[in-house]
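Trainee: Sharing coords_3.txt below, compact mmCIF, C-alpha atoms:
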# COMPACT_ATOMS: atom_id res chain seq x y z
CA MET K 105 -28.33 -43.07 -41.40
CA ILE K 106 -31.10 -41.53 -39.34
CA GLY K 107 -33.17 -44.70 -39.54
CA TYR K 108 -30.26 -46.73 -38.37
CA PHE K 109 -29.82 -44.61 -35.28
CA THR K 110 -33.51 -44.59 -34.51
CA ASP K 111 -33.56 -48.39 -34.42
CA LEU K 112 -30.54 -48.39 -32.25
CA ASP K 113 -32.08 -45.82 -29.93
CA ARG K 114 -35.19 -47.90 -29.59
CA ASN K 115 -33.19 -50.89 -28.48
CA PHE K 116 -31.32 -48.79 -26.00
CA GLU K 117 -34.58 -47.38 -24.75
CA LEU K 118 -35.88 -50.90 -24.16
CA MET K 119 -32.74 -51.71 -22.24
CA ASN K 120 -33.12 -48.50 -20.26
CA GLN K 121 -36.69 -49.35 -19.39
CA LEU K 122 -35.64 -52.75 -18.14
CA ARG K 123 -32.83 -51.19 -16.17
CA ARG K 124 -35.19 -48.63 -14.62
CA ARG K 125 -37.54 -51.38 -13.52
CA LEU K 126 -34.76 -53.44 -12.05
CA ASP K 127 -33.38 -50.40 -10.26
CA ARG K 128 -36.71 -49.82 -8.60
CA VAL K 129 -36.70 -53.30 -7.13
CA PHE K 130 -34.31 -51.98 -4.52
CA GLU K 131 -36.19 -48.81 -3.81
CA GLY K 132 -35.80 -47.72 -0.24
CA VAL K 133 -32.29 -48.95 0.17
CA ASP K 134 -30.90 -45.89 1.85
CA GLU K 135 -27.50 -45.77 0.27
CA PRO K 136 -26.18 -43.47 -2.37
CA GLY K 137 -26.23 -44.91 -5.82
CA TRP K 138 -29.57 -46.62 -5.48
CA TRP K 139 -31.30 -44.07 -7.61
CA SER K 140 -33.75 -45.16 -10.22
CA THR K 141 -31.88 -43.35 -12.96
CA ASP K 142 -28.48 -41.88 -13.64
CA GLN K 143 -29.88 -39.24 -15.89
CA PHE K 144 -29.89 -35.61 -14.93
CA PRO K 145 -32.25 -34.16 -13.97
CA ARG K 146 -34.32 -36.87 -12.33
CA THR K 147 -37.87 -36.20 -13.34
CA ASN K 148 -41.37 -37.13 -12.30
CA ILE K 149 -44.35 -36.52 -14.55
CA TYR K 150 -47.98 -36.60 -13.50
CA ASP K 151 -51.20 -36.38 -15.44
CA THR K 152 -53.62 -34.24 -13.47
CA GLY K 153 -56.46 -34.49 -15.98
CA LYS K 154 -56.37 -30.96 -17.32
CA ALA K 155 -52.60 -30.66 -17.40
CA PHE K 156 -49.29 -32.41 -17.12
CA LEU K 157 -47.17 -31.69 -14.11
CA VAL K 158 -43.43 -32.11 -14.56
CA ARG K 159 -41.08 -31.97 -11.62
CA ALA K 160 -37.34 -32.20 -12.09
CA GLU K 161 -34.59 -32.12 -9.51
CA VAL K 162 -32.06 -29.51 -10.55
CA PRO K 163 -30.04 -28.77 -7.41
CA GLY K 164 -27.93 -25.65 -7.67
CA LEU K 165 -29.58 -24.39 -10.81
CA THR K 166 -31.42 -21.13 -11.12
CA ASP K 167 -33.85 -19.91 -13.76
CA LYS K 168 -31.02 -18.60 -15.90
CA GLU K 169 -29.36 -21.98 -16.26
CA VAL K 170 -32.40 -23.94 -17.40
CA THR K 171 -33.95 -23.80 -20.84
CA LEU K 172 -37.36 -25.22 -21.57
CA THR K 173 -38.83 -25.82 -24.99
CA LEU K 174 -42.14 -27.30 -25.97
CA THR K 175 -42.80 -28.59 -29.46
CA GLN K 176 -46.29 -30.02 -29.87
CA ASP K 177 -46.09 -32.74 -27.27
CA VAL K 178 -42.37 -32.91 -26.61
CA LEU K 179 -40.99 -31.03 -23.64
CA THR K 180 -37.24 -30.53 -23.55
CA ILE K 181 -35.32 -29.49 -20.46
CA SER K 182 -31.75 -28.48 -21.08
CA GLY K 183 -29.03 -26.51 -19.43
CA GLU K 184 -25.75 -26.65 -17.73
CA ARG K 185 -24.99 -27.71 -14.23
CA LYS K 186 -21.92 -26.10 -12.78
CA VAL K 187 -20.38 -27.47 -9.63
CA GLU K 188 -18.44 -25.29 -7.28
CA LEU K 189 -15.04 -26.85 -6.68
CA PRO K 190 -12.67 -24.42 -4.99
CA GLU K 191 -8.94 -24.66 -5.55
CA GLY K 192 -6.48 -25.81 -2.95
CA TYR K 193 -8.51 -28.62 -1.47
CA SER K 194 -7.94 -32.31 -1.61
CA VAL K 195 -11.03 -34.21 -2.71
CA HIS K 196 -12.39 -37.01 -0.57
CA ARG K 197 -15.64 -37.61 -2.32
CA ARG K 198 -17.00 -36.45 -5.61
CA GLU K 199 -20.57 -37.46 -6.32
CA ARG K 200 -21.90 -34.26 -7.87
CA LEU K 201 -20.59 -33.85 -11.36
CA PRO K 202 -20.76 -30.84 -13.61
CA MET K 203 -22.48 -31.49 -16.91
CA GLN K 204 -24.44 -30.21 -19.80
CA PHE K 205 -27.78 -31.87 -20.05
CA SER K 206 -30.75 -32.14 -22.33
CA ARG K 207 -33.70 -34.39 -21.80
CA SER K 208 -36.83 -34.66 -23.90
CA PHE K 209 -40.10 -36.07 -22.71
CA ALA K 210 -42.89 -37.08 -25.05
CA LEU K 211 -46.13 -36.15 -23.34
CA PRO K 212 -48.92 -38.61 -24.09
CA ALA K 213 -51.24 -35.91 -25.46
CA LYS K 214 -50.99 -32.65 -27.32
CA ALA K 215 -50.11 -29.71 -25.13
CA ASP K 216 -51.14 -26.07 -25.31
CA ALA K 217 -47.91 -24.18 -25.82
CA GLU K 218 -49.58 -20.96 -24.67
CA LYS K 219 -50.46 -22.37 -21.30
CA VAL K 220 -47.17 -23.46 -19.84
CA ASN K 221 -46.05 -22.32 -16.46
CA ALA K 222 -42.59 -23.01 -15.08
CA THR K 223 -41.05 -22.16 -11.73
CA ILE K 224 -37.90 -23.15 -9.95
CA LYS K 225 -37.63 -23.33 -6.17
CA ASP K 226 -35.07 -24.90 -3.86
CA GLY K 227 -33.52 -26.76 -6.77
CA VAL K 228 -36.76 -28.26 -8.05
CA LEU K 229 -38.14 -27.27 -11.42
CA THR K 230 -41.92 -27.43 -11.73
CA VAL K 231 -43.55 -27.19 -15.14
CA THR K 232 -47.29 -27.23 -15.64
CA VAL K 233 -48.30 -27.87 -19.23
CA GLU K 234 -51.97 -27.62 -20.01
CA LYS K 235 -53.37 -30.09 -22.45
CA ALA K 236 -54.66 -28.76 -25.75
CA ALA K 237 -58.34 -27.92 -25.83
CA GLU K 238 -59.22 -30.92 -28.00
CA VAL K 239 -57.77 -33.40 -25.53
CA GLN K 240 -59.19 -31.87 -22.38
CA PRO K 241 -61.33 -34.33 -20.48
CA LYS K 242 -65.03 -33.74 -21.00
CA GLN K 243 -67.71 -34.68 -18.60
CA ILE K 244 -70.66 -36.38 -20.19
CA SER K 245 -73.92 -36.07 -18.40
CA VAL K 246 -76.10 -39.12 -18.07
CA ARG K 247 -79.82 -38.58 -18.30
CA ASN K 248 -82.53 -40.76 -16.94
CA ALA K 249 -84.47 -42.19 -19.82
CA MET H 240 -27.02 -64.79 2.41
CA ALA H 241 -30.39 -65.89 3.71
CA ASP H 242 -29.61 -64.34 7.07
CA GLN H 243 -28.65 -61.06 5.51
CA HIS H 244 -31.90 -61.02 3.69
CA LYS H 245 -33.80 -61.53 6.88
CA ASN H 246 -32.00 -58.59 8.45
CA VAL H 247 -32.93 -56.25 5.66
CA VAL H 248 -36.55 -57.19 5.97
CA ARG H 249 -36.64 -56.97 9.74
CA ARG H 250 -34.51 -53.89 10.07
CA GLU H 251 -37.43 -51.51 10.52
CA GLN H 252 -38.67 -53.31 13.58
CA THR H 253 -35.45 -52.90 15.49
CA HIS H 254 -36.06 -49.17 16.02
CA ALA H 255 -38.19 -48.11 18.94
CA GLU H 256 -39.51 -45.09 17.10
CA ASP H 257 -40.26 -46.52 13.73
CA VAL H 258 -43.76 -45.08 13.81
CA ASN H 259 -42.41 -41.77 12.60
CA GLU H 260 -39.86 -43.26 10.29
CA ARG H 261 -40.23 -41.74 6.87
CA PRO H 262 -38.41 -43.05 3.85
CA ALA H 263 -35.08 -41.32 3.44
CA VAL H 264 -32.44 -41.29 0.76
CA ALA H 265 -28.81 -40.29 0.98
CA PRO H 266 -28.03 -37.02 -0.78
CA ARG H 267 -25.11 -36.81 -3.16
CA VAL H 268 -22.14 -35.00 -1.70
CA ASP H 269 -18.73 -33.60 -2.48
CA VAL H 270 -16.30 -33.61 0.42
CA LEU H 271 -13.15 -31.48 0.23
CA GLU H 272 -10.49 -30.77 2.75
CA ASN H 273 -7.55 -28.46 3.25
CA GLU H 274 -5.47 -27.60 6.30
CA ASN H 275 -8.01 -25.08 7.58
CA GLU H 276 -11.34 -26.77 7.07
CA ILE H 277 -13.47 -29.53 5.69
CA LEU H 278 -15.88 -28.36 3.05
CA LEU H 279 -18.97 -30.35 2.22
CA PHE H 280 -21.49 -29.81 -0.56
CA ALA H 281 -24.75 -31.75 -0.65
CA ASP H 282 -27.50 -31.83 -3.25
CA LEU H 283 -30.79 -31.40 -1.43
CA PRO H 284 -33.35 -30.48 -4.06
CA GLY H 285 -36.74 -29.63 -2.61
CA VAL H 286 -35.44 -28.63 0.80
CA SER H 287 -35.76 -25.17 2.32
CA ALA H 288 -33.65 -23.89 5.20
CA GLN H 289 -36.22 -24.51 7.93
CA ASP H 290 -36.51 -28.18 6.98
CA LEU H 291 -32.81 -28.86 7.26
CA ARG H 292 -31.10 -30.13 10.38
CA ILE H 293 -27.38 -30.61 10.87
CA ASP H 294 -26.19 -32.40 13.96
CA LEU H 295 -22.66 -32.93 15.15
CA GLU H 296 -22.42 -35.41 17.94
CA LYS H 297 -18.88 -36.33 18.85
CA GLU H 298 -17.48 -37.25 15.49
CA ARG H 299 -20.77 -38.09 13.81
CA LEU H 300 -22.09 -35.44 11.51
CA THR H 301 -25.66 -36.03 10.39
CA ILE H 302 -27.48 -34.11 7.72
CA GLU H 303 -31.20 -34.56 7.83
CA ALA H 304 -33.74 -32.79 5.71
CA ARG H 305 -37.44 -33.08 5.49
CA ARG H 306 -39.19 -32.50 2.26
CA SER H 307 -42.45 -30.78 2.88
CA GLY H 308 -45.38 -30.79 0.56
CA SER H 309 -48.22 -33.15 -0.04
CA PRO H 310 -48.07 -36.07 -2.43
CA GLU H 311 -48.67 -35.16 -6.03
CA GLN H 312 -52.11 -35.28 -7.53
CA GLY H 313 -52.95 -37.25 -10.61
CA THR H 314 -51.62 -40.26 -12.43
CA GLU H 315 -47.95 -40.98 -12.38
CA LEU H 316 -46.52 -41.14 -15.88
CA LEU H 317 -42.85 -41.14 -15.03
CA ALA H 318 -41.27 -41.59 -11.64
CA GLU H 319 -37.51 -41.31 -11.38
CA TYR H 320 -37.34 -40.06 -7.84
CA ARG H 321 -39.39 -40.30 -4.72
CA PRO H 322 -39.93 -37.09 -2.80
CA ALA H 323 -38.35 -38.77 0.19
CA ASP H 324 -36.48 -37.12 3.03
CA TYR H 325 -32.70 -36.98 3.08
CA ARG H 326 -30.38 -38.45 5.63
CA ARG H 327 -26.66 -39.08 5.62
CA THR H 328 -24.09 -39.45 8.35
CA PHE H 329 -20.37 -38.78 8.11
CA LEU H 330 -17.49 -39.40 10.43
CA VAL H 331 -15.48 -36.22 10.91
CA PRO H 332 -12.41 -35.59 13.03
CA ARG H 333 -13.06 -34.43 16.59
CA SER H 334 -10.93 -31.40 15.99
CA ILE H 335 -13.77 -29.49 14.32
CA GLU H 336 -14.49 -26.15 15.86
CA ARG H 337 -18.17 -26.46 16.61
CA ASP H 338 -18.94 -22.80 17.13
CA LYS H 339 -17.57 -21.83 13.77
CA ILE H 340 -19.46 -24.26 11.59
CA ASP H 341 -21.11 -22.42 8.78
CA ALA H 342 -24.00 -23.77 6.69
CA GLU H 343 -25.50 -22.15 3.66
CA LEU H 344 -28.40 -23.52 1.61
CA LYS H 345 -28.91 -22.13 -1.85
CA ALA H 346 -31.09 -23.48 -4.65
CA GLY H 347 -31.19 -26.89 -3.02
CA VAL H 348 -27.44 -27.14 -2.49
CA LEU H 349 -25.95 -27.14 1.00
CA LYS H 350 -22.49 -25.74 1.55
CA LEU H 351 -21.10 -26.69 4.93
CA ARG H 352 -17.82 -25.41 6.30
CA LEU H 353 -16.28 -27.28 9.18
CA PRO H 354 -13.23 -25.35 10.39
CA ARG H 355 -10.47 -27.15 12.22
CA ALA H 356 -9.41 -26.04 15.64
CA ASP H 357 -6.29 -23.93 15.47
CA ALA H 358 -4.34 -26.07 17.89
CA LEU H 359 -4.85 -29.11 15.72
CA LYS H 360 -3.93 -27.67 12.38
CA PRO H 361 -0.96 -29.40 10.86
CA ARG H 362 2.20 -27.48 11.53
CA SER H 363 5.52 -27.81 9.90
CA ILE H 364 8.33 -27.97 12.39
CA PRO H 365 11.37 -25.93 11.57
CA ILE H 366 14.64 -27.77 11.80
CA ARG H 367 17.65 -25.89 12.99
CA ALA H 368 21.02 -26.70 11.67
CA SER H 369 23.57 -26.90 14.42
Represent the supplied structure as structure tokens.

Mentor:
Amino acid sequence: MIGYFTDLDRNFELMNQLRRRLDRVFEGVDEPGWWSTDQFPRTNIYDTGKAFLVRAEVPGLTDKEVTLTLTQDVLTISGERKVELPEGYSVHRRERLPMQFSRSFALPAKADAEKVNATIKDGVLTVTVEKAAEVQPKQISVRNA
Amino acid sequence: MADQHKNVVRREQTHAEDVNERPAVAPRVDVLENENEILLFADLPGVSAQDLRIDLEKERLTIEARRSGSPEQGTELLAEYRPADYRRTFLVPRSIERDKIDAELKAGVLKLRLPRADALKPRSIPIRAS
């Protein structure tokens, strides 16, 4: 059963990748809906050499509503996004939806679970995950022979 | 179709000030209304209060926000959003009371109250039986 779903997931992932690429063709079109992904939160990940830098857009969320877990090289961001919707109003536009979310990112190298730093500011979550000692870049000196 | 295409490509050159034009995306919004006010919520992650500008010119309400910060260092492994600026314009009724507009920015979410002028609030007219 698990194997079956994994295969299925892989196919979906391929389709998602294709979709993401196609979405980016129209980057810069300044209309709502032209985002590169529908998933929440939208996330950017950078490799800075010594560490991975993860930035996720979590508007409206505070530190209490976000949970981060790191297992070896998989970082999971989960939580709940609540949307304020007062009573007694008629709704003209509804683009911000409440949801429970969980996203996992496989980092391309082993991370040091002791050296993770996470902050949240103005609705952007920033996580710095240092790479494990054995995958840290090493500088090799070149000697004149 | 071909003409439309041309317009998209040439659009940037039609502005006189396109030197300072930074890429901008439209924030997601919720717009609600009752008889007293229009209430607008906008997702503006990465924006602090001093980088946000709200303009009401006649019936055009523009929300503009600049995202400060330098481009990220390192190799990009995943890029689902660009740290672009935000810009979105709405048409609102002229009956908004300008002096009483209230804007609050919290955790990257803008809450904007646009109260209606008292004189223009909908009134129910009593009917007398004679």

Trainee: Which of these, K:Val233, K:Ala249, K:Leu126, K:Leu189, has the shortest distance to K:Gly153 once you count all atoms listed in the file?

Mentor: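 Ranking K:Val233, K:Ala249, K:Leu126, K:Leu189 by distance to K:Gly153, first place goes to K:Val233.
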
Trainee: Can you pull out the residues contacting H:Leu316? Cut-off 10 Å, using only C-alpha atoms, and skip same-chain residues under 5 positions away; I want them as a VMD selection string.

Mentor: chain K and resid 148 to 151 156 to 158 211 to 212

Trainee: Out of H:Glu296, H:Glu303, H:Glu319, H:Asp269, which residue has the shortest atom-to-atom distance to K:Asp127 when counting all atoms listed in the file?

Mentor: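 That would be H:Glu319, the residue with the smallest distance to K:Asp127.
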
Trainee: Excluding H:Asp338 and its own-chain neighbours fewer than 6 positions away, which residues fall within 12 Å of it when counting all atoms listed in the file? Please give them as an NGL selection string.

Mentor: :H and (295 or 352-356)

Trainee: Residues of chain H that approach chain K to 8 Å or less, counting all atoms listed in the file: could you list each one with the shortest pair of atoms and its distance in Å to one decimal, rows by chain and increasing residue number, as CSV?

Mentor:
residue,atom,partner,partner_atom,distance
H:Pro262,CA,K:Gly132,CA,6.7
H:Ala263,CA,K:Asp134,CA,6.4
H:Val264,CA,K:Asp134,CA,5.0
H:Ala265,CA,K:Pro136,CA,5.3
H:Pro266,CA,K:Pro136,CA,6.9
H:Arg267,CA,K:Glu199,CA,5.6
H:Val268,CA,K:Glu199,CA,5.5
H:Asp269,CA,K:Arg198,CA,4.6
H:Val270,CA,K:Arg197,CA,4.9
H:Leu271,CA,K:Val195,CA,4.5
H:Glu272,CA,K:Tyr193,CA,5.1
H:Asn273,CA,K:Tyr193,CA,4.8
H:Asp282,CA,K:Pro163,CA,5.8
H:Leu283,CA,K:Pro163,CA,6.6
H:Pro284,CA,K:Gly227,CA,4.6
H:Gly285,CA,K:Asp226,CA,5.2
H:Val286,CA,K:Asp226,CA,6.0
H:Ser287,CA,K:Asp226,CA,6.2
H:Glu311,CA,K:Tyr150,CA,7.6
H:Gln312,CA,K:Thr152,CA,6.2
H:Gly313,CA,K:Thr152,CA,4.2
H:Thr314,CA,K:Asp151,CA,4.9
H:Glu315,CA,K:Tyr150,CA,4.5
H:Leu316,CA,K:Ile149,CA,5.3
H:Leu317,CA,K:Ile149,CA,4.9
H:Ala318,CA,K:Asn148,CA,4.5
H:Glu319,CA,K:Thr147,CA,5.5
H:Tyr320,CA,K:Arg146,CA,6.3
H:Lys345,CA,K:Gly164,CA,6.9
H:Ala346,CA,K:Asp226,CA,4.3
H:Gly347,CA,K:Gly227,CA,4.4
H:Val348,CA,K:Gly164,CA,5.4

Trainee: One decimal, Å: what's the distance from atom CA of K:Ser206 over to atom CA of K:Glu169, could you say?

Mentor: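 Spanning atom CA of K:Ser206 to atom CA of K:Glu169 is a straight-line distance of 11.9 Å.
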
Trainee: If you measure from atom CA of H:Leu344 to atom CA of H:Ala288, what distance in Å do you get, rounded to one decimal?

Mentor: 6.4 Å

Trainee: State, in Å with one decimal place, the distance from atom CA of H:Asp341 to atom CA of H:Arg327.

Mentor: 17.8 Å

Trainee: For the point (-29.7, -34.2, 13.2) in the file's frame, write as a PDB file with C-alpha atoms, in the frame of the given file all residues with an atom no more than 9 Å away, counting all atoms listed in the file.

Mentor:
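Listing of point_1.pdb after writing:
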ATOM      1  CA  LEU H 291     -32.810 -28.860   7.260  1.00  0.00           C
ATOM      2  CA  ARG H 292     -31.100 -30.130  10.380  1.00  0.00           C
ATOM      3  CA  ILE H 293     -27.380 -30.610  10.870  1.00  0.00           C
ATOM      4  CA  ASP H 294     -26.190 -32.400  13.960  1.00  0.00           C
ATOM      5  CA  LEU H 295     -22.660 -32.930  15.150  1.00  0.00           C
ATOM      6  CA  GLU H 296     -22.420 -35.410  17.940  1.00  0.00           C
ATOM      7  CA  LEU H 300     -22.090 -35.440  11.510  1.00  0.00           C
ATOM      8  CA  THR H 301     -25.660 -36.030  10.390  1.00  0.00           C
ATOM      9  CA  ILE H 302     -27.480 -34.110   7.720  1.00  0.00           C
ATOM     10  CA  GLU H 303     -31.200 -34.560   7.830  1.00  0.00           C
ATOM     11  CA  ALA H 304     -33.740 -32.790   5.710  1.00  0.00           C
ATOM     12  CA  ARG H 326     -30.380 -38.450   5.630  1.00  0.00           C
TER      13      ARG H 326
END

Trainee: Each side padded by 3 Å, which centre and which edge lengths in Å (one decimal) define the axis-aligned box around the listed atoms of stretch 237-243 of chain K? Give them as JSON.

Mentor:
{"center_x": -62.7, "center_y": -31.3, "center_z": -23.3, "size_x": 15.9, "size_y": 12.8, "size_z": 15.4}

Trainee: Any idea what's packed within 12 Å of K:Thr175, counting only C-alpha atoms, ignoring anything in its chain fewer than 2 positions away? Could you give it as a list of chain:residue names?

Mentor: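 Near neighbours after the sequence-gap exclusion: K:Leu172, K:Thr173, K:Asp177, K:Val178, K:Leu179, K:Thr180, K:Ile181, K:Ser208, K:Phe209, K:Ala210, K:Leu211, K:Ala213, K:Lys214, K:Ala215, K:Asp216, K:Ala217, K:Glu218, K:Val220, K:Val233.
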
Trainee: Using only C-alpha atoms, which residues sit within 7 Å of H:Ala342 once same-chain residues fewer than 4 positions away are excluded, as a PyMOL selection string?

Mentor: chain H and resi 349-352

Trainee: What would stretch 351-365 of chain H look like with N, CA, C and O atoms restored, written as a PDB file, in the frame of the given file?

Mentor:
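Output file selection-v9.pdb is given in full below:
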ATOM      1  N   LEU H 351     -21.378 -26.586   3.499  1.00  0.00           N
ATOM      2  CA  LEU H 351     -21.100 -26.690   4.930  1.00  0.00           C
ATOM      3  C   LEU H 351     -19.602 -26.583   5.160  1.00  0.00           C
ATOM      4  O   LEU H 351     -18.823 -27.361   4.615  1.00  0.00           O
ATOM      5  N   ARG H 352     -19.235 -25.589   5.960  1.00  0.00           N
ATOM      6  CA  ARG H 352     -17.820 -25.410   6.300  1.00  0.00           C
ATOM      7  C   ARG H 352     -17.573 -25.883   7.716  1.00  0.00           C
ATOM      8  O   ARG H 352     -18.234 -25.430   8.651  1.00  0.00           O
ATOM      9  N   LEU H 353     -16.624 -26.764   7.859  1.00  0.00           N
ATOM     10  CA  LEU H 353     -16.280 -27.280   9.180  1.00  0.00           C
ATOM     11  C   LEU H 353     -14.824 -26.913   9.458  1.00  0.00           C
ATOM     12  O   LEU H 353     -13.913 -27.624   9.056  1.00  0.00           O
ATOM     13  N   PRO H 354     -14.615 -25.789  10.166  1.00  0.00           N
ATOM     14  CA  PRO H 354     -13.230 -25.350  10.390  1.00  0.00           C
ATOM     15  C   PRO H 354     -12.535 -26.215  11.437  1.00  0.00           C
ATOM     16  O   PRO H 354     -13.156 -26.667  12.395  1.00  0.00           O
ATOM     17  N   ARG H 355     -11.269 -26.403  11.234  1.00  0.00           N
ATOM     18  CA  ARG H 355     -10.470 -27.150  12.220  1.00  0.00           C
ATOM     19  C   ARG H 355     -10.054 -26.237  13.353  1.00  0.00           C
ATOM     20  O   ARG H 355      -9.835 -25.051  13.144  1.00  0.00           O
ATOM     21  N   ALA H 356      -9.918 -26.807  14.502  1.00  0.00           N
ATOM     22  CA  ALA H 356      -9.410 -26.040  15.640  1.00  0.00           C
ATOM     23  C   ALA H 356      -7.960 -25.669  15.378  1.00  0.00           C
ATOM     24  O   ALA H 356      -7.202 -26.465  14.841  1.00  0.00           O
ATOM     25  N   ASP H 357      -7.627 -24.437  15.762  1.00  0.00           N
ATOM     26  CA  ASP H 357      -6.290 -23.930  15.470  1.00  0.00           C
ATOM     27  C   ASP H 357      -5.184 -24.823  16.013  1.00  0.00           C
ATOM     28  O   ASP H 357      -4.179 -25.065  15.360  1.00  0.00           O
ATOM     29  N   ALA H 358      -5.391 -25.293  17.231  1.00  0.00           N
ATOM     30  CA  ALA H 358      -4.340 -26.070  17.890  1.00  0.00           C
ATOM     31  C   ALA H 358      -4.044 -27.363  17.145  1.00  0.00           C
ATOM     32  O   ALA H 358      -2.976 -27.946  17.294  1.00  0.00           O
ATOM     33  N   LEU H 359      -5.019 -27.813  16.351  1.00  0.00           N
ATOM     34  CA  LEU H 359      -4.850 -29.110  15.720  1.00  0.00           C
ATOM     35  C   LEU H 359      -4.521 -29.032  14.245  1.00  0.00           C
ATOM     36  O   LEU H 359      -4.478 -30.029  13.560  1.00  0.00           O
ATOM     37  N   LYS H 360      -4.323 -27.812  13.779  1.00  0.00           N
ATOM     38  CA  LYS H 360      -3.930 -27.670  12.380  1.00  0.00           C
ATOM     39  C   LYS H 360      -2.533 -28.246  12.191  1.00  0.00           C
ATOM     40  O   LYS H 360      -1.677 -28.106  13.067  1.00  0.00           O
ATOM     41  N   PRO H 361      -2.298 -28.867  11.066  1.00  0.00           N
ATOM     42  CA  PRO H 361      -0.960 -29.400  10.860  1.00  0.00           C
ATOM     43  C   PRO H 361       0.067 -28.275  10.836  1.00  0.00           C
ATOM     44  O   PRO H 361      -0.185 -27.200  10.302  1.00  0.00           O
ATOM     45  N   ARG H 362       1.162 -28.484  11.495  1.00  0.00           N
ATOM     46  CA  ARG H 362       2.200 -27.480  11.530  1.00  0.00           C
ATOM     47  C   ARG H 362       3.478 -28.092  10.985  1.00  0.00           C
ATOM     48  O   ARG H 362       3.745 -29.267  11.221  1.00  0.00           O
ATOM     49  N   SER H 363       4.222 -27.288  10.304  1.00  0.00           N
ATOM     50  CA  SER H 363       5.520 -27.810   9.900  1.00  0.00           C
ATOM     51  C   SER H 363       6.532 -27.363  10.952  1.00  0.00           C
ATOM     52  O   SER H 363       6.472 -26.235  11.472  1.00  0.00           O
ATOM     53  N   ILE H 364       7.386 -28.243  11.304  1.00  0.00           N
ATOM     54  CA  ILE H 364       8.330 -27.970  12.390  1.00  0.00           C
ATOM     55  C   ILE H 364       9.684 -27.570  11.795  1.00  0.00           C
ATOM     56  O   ILE H 364      10.264 -28.331  11.023  1.00  0.00           O
ATOM     57  N   PRO H 365      10.102 -26.364  12.128  1.00  0.00           N
ATOM     58  CA  PRO H 365      11.370 -25.930  11.570  1.00  0.00           C
ATOM     59  C   PRO H 365      12.538 -26.721  12.165  1.00  0.00           C
ATOM     60  O   PRO H 365      12.533 -27.063  13.349  1.00  0.00           O
TER      61      PRO H 365
END
